[in-house]
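Shown next, in structure tokens, is the structure this report addresses.
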Amino acid sequence: MLTVFGVLAVSAMLLFYALEPAGTRFVLAFAGACLAAAAYGFLVGAWPFGVIEVVWSGVALRRWWRRRREERAAGAHGAAR
């Protein structure tokens with residue numbers, strides 16, 4: 001079961017990373033998939049993998065926050081015109 005969880009987590013990472021240009025929700029989903037992959041890494045004892053996935057999740061969350069802020073700012077500028 002743990003192997004299946006790991007495969008699903010890493011597959012979700014790949015899918016959501018590929019879909020990131022389609023919207024910020026996929027960037028956020030990628031961050032969540034990274035956390036799932038980190039959990040898998042810690043559960044199987046591969047703590048370096050788990051640590052790197054936590055870092056990737058943080059990078060993705062920051063990217064999501066910036067893109068969301070930029071989209072809101074662009075929307076506000078468009079509404080003011």
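All residue names refer to the structure tokens as shown: chains lettered A, B, ... in order, residues numbered from 1 in each chain, ligands numbered from 1 in order.
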
Handout entry: Test item: residues at most 10 Å from A:Tyr40, only C-alpha atoms, excluding those fewer than 5 positions along its chain, as a PyMOL selection string
Key = chain A and resi 2-7+9-10+34-35+45-47+49-50+53

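Straight-line separation from atom CA of A:Phe26 to atom CA of A:Leu8: 16.0 Å.
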
Handout entry: Selected residue of minimal separation from A:Ala18 among A:Arg63, A:Glu71, A:Phe30, A:Phe42, counting only C-alpha atoms
Key =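 That would be A:Phe30, the residue with the smallest distance to A:Ala18.
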
Problem - atom CA of A:Arg25 to atom CA of A:Ala60, distance in Å rounded to a single decimal - result: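 It comes out at 11.1 Å.
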
Practice task
Could you give me, as a list in words, the residues within 12 Å of A:Val59, counting only C-alpha atoms and dropping anything in the same chain fewer than 2 positions from it?
Solution key: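 After dropping sequence-adjacent residues, the list is Val27, Leu28, Phe30, Ala31, Gly32, Cys34, Leu35, Ile52, Glu53, Val54, Val55, Trp56, Ser57, Leu61, Arg62, Arg63, Trp64, Trp65 and Arg66 of chain A.
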
Take the residues from that selection and put them in a file with C-alpha atoms, as a tab-separated table (two decimals), in the first residue's frame.
```tsv
chain	number	residue	atom	x	y	z
A	27	VAL	CA	0.50	25.26	-8.65
A	28	LEU	CA	-1.23	24.79	-5.30
A	30	PHE	CA	1.60	20.62	-7.06
A	31	ALA	CA	2.58	21.92	-3.61
A	32	GLY	CA	0.16	19.47	-2.00
A	34	CYS	CA	5.00	17.49	-2.98
A	35	LEU	CA	3.88	17.22	0.63
A	52	ILE	CA	13.73	17.93	-0.50
A	53	GLU	CA	10.02	17.43	-1.19
A	54	VAL	CA	9.12	19.69	1.74
A	55	VAL	CA	11.44	22.34	0.26
A	56	TRP	CA	9.83	21.91	-3.18
A	57	SER	CA	6.44	22.34	-1.58
A	61	LEU	CA	3.58	27.66	-2.35
A	62	ARG	CA	5.63	30.79	-2.84
A	63	ARG	CA	5.11	30.58	-6.64
A	64	TRP	CA	1.37	30.09	-6.09
A	65	TRP	CA	1.16	33.09	-3.75
A	66	ARG	CA	3.04	35.35	-6.18
```

Handout entry: Atomic separation - atom CA of A:Thr24 relative to atom CA of A:Gly75, Å
Key = 14.3 Å
